[in-house]
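Chemist: Attaching a single structure in structure tokens format; questions to follow.
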Amino acid sequence: EFNIGDADNPRSQFFPRYNIGVVIPLGIFMSTPAQVKRGKQMEEIALHNINTQKLAIRATVLKLYNEYLMYKDIFNIRTQELEETSTSFQVLEQRFKAGQEVYERYTAGLTLVNQVKIARVEAQTNFMNSKLSLEEYIGVKLEYVK
């Protein structure tokens, strides 16, 4: 190939016609390891956050389970109390019908039975709500866990 133009200058034949070069920024040797190190640190932080959240969820589930057990026991006690009170009231009612008891004791017994029924309904509501809260956290029905 020829160099067009400057034919008088013999050196123009030896200059390269095409220049190919590679540019490597020196900062790449510093920034890439720093980015990798930062990425590893971010991964460790993310894993730590995940583990912290797991522990918080576990603590919440255990507290909800303890509440569930407590409300279950209260509900069982209230159910037993209702059965005993109802039995006592039936005896009182029979004695009232036979004329052996006064009206005031009869109404007091009826009021007591109704109060125990209300307490049992409240205990049942608390028991069911605690069960639902626990199931909400664990994601399955409690019957499937046991």
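Following the order of the structure tokens, first chain is A, next is B, and so on, with residues numbered from 1 inside each chain and ligands from 1 in the order they appear.
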Compile the contact shell of Tyr68 of chain A as a list in words: residues with an atom at most 9 Å away, counting only C-alpha atoms, same-chain residues fewer than 2 positions apart removed.
Modeler: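 The residues satisfying every condition are Lys63, Leu64, Tyr65, Asn66, Met70, Tyr71, Lys72, Asp73, Asn126, Phe127, Met128, Asn129, Ser130, Lys131, Ser133 and Leu134 of chain A.
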Chemist: Using only C-alpha atoms, can you tell me which of A:Val22, A:Val102, A:Ala108, A:Ile74 comes closest to Ser88 of chain A?
Modeler: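 Closest to Ser88 of chain A of all the choices is A:Ala108.
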Chemist: Determine the nearest neighbour of Phe75 of chain A from the options A:Ser31, A:Gly139, A:Phe89, A:Ile118, counting only C-alpha atoms.
Modeler: A:Ile118
Chemist: Any chance you could list, as an MDAnalysis selection string, the residues in segment 5-129 of chain A that come up alpha helix (DSSP H) when DSSP is run on the backbone?
Modeler: chainID A and resid 28:97 103:129
Chemist: Would you mind listing what lies within 10 Å of Gly109 of chain A as a compact mmCIF listing (two decimals) with N, CA and C atoms, in the first residue's frame, with only C-alpha atoms counted and same-chain residues fewer than 4 positions away left out?
Modeler:
# COMPACT_ATOMS: atom_id res chain seq x y z
N THR A 85 -71.54 -25.86 88.14
CA THR A 85 -72.54 -24.86 88.49
C THR A 85 -73.91 -25.26 87.97
N SER A 86 -73.94 -25.81 86.76
CA SER A 86 -75.22 -26.25 86.20
C SER A 86 -75.81 -27.39 87.01
N SER A 88 -75.26 -27.98 90.23
CA SER A 88 -75.72 -27.39 91.49
C SER A 88 -77.03 -26.64 91.29
N PHE A 89 -77.14 -25.94 90.18
CA PHE A 89 -78.38 -25.20 89.92
C PHE A 89 -79.55 -26.14 89.68
N GLN A 90 -79.32 -27.28 89.04
CA GLN A 90 -80.41 -28.24 88.82
C GLN A 90 -80.94 -28.76 90.16
N LEU A 92 -80.71 -27.13 93.00
CA LEU A 92 -81.38 -25.97 93.59
C LEU A 92 -82.76 -25.76 92.96
N GLU A 93 -82.85 -25.95 91.65
CA GLU A 93 -84.12 -25.78 90.95
C GLU A 93 -85.14 -26.82 91.40
N TYR A 103 -87.01 -17.97 96.79
CA TYR A 103 -86.85 -17.41 95.44
C TYR A 103 -85.52 -16.68 95.29
N GLU A 104 -85.07 -16.01 96.32
CA GLU A 104 -83.82 -15.24 96.24
C GLU A 104 -82.62 -16.16 95.95
N ARG A 105 -82.58 -17.32 96.61
CA ARG A 105 -81.48 -18.26 96.35
C ARG A 105 -81.58 -18.83 94.95
N VAL A 113 -75.13 -19.09 87.31
CA VAL A 113 -75.00 -19.94 86.13
C VAL A 113 -74.79 -19.09 84.88
N ASN A 114 -75.56 -18.02 84.78
CA ASN A 114 -75.41 -17.14 83.60
C ASN A 114 -74.04 -16.46 83.57
N GLN A 115 -73.52 -16.06 84.74
CA GLN A 115 -72.20 -15.44 84.79
C GLN A 115 -71.11 -16.45 84.39
Chemist: Smallest atom-to-atom distance to Glu122 of chain A: which of A:Arg58, A:Arg78, A:His48, A:Arg38, using only C-alpha atoms?
Modeler: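 Using only C-alpha atoms, the shortest distance to Glu122 of chain A belongs to A:Arg78.
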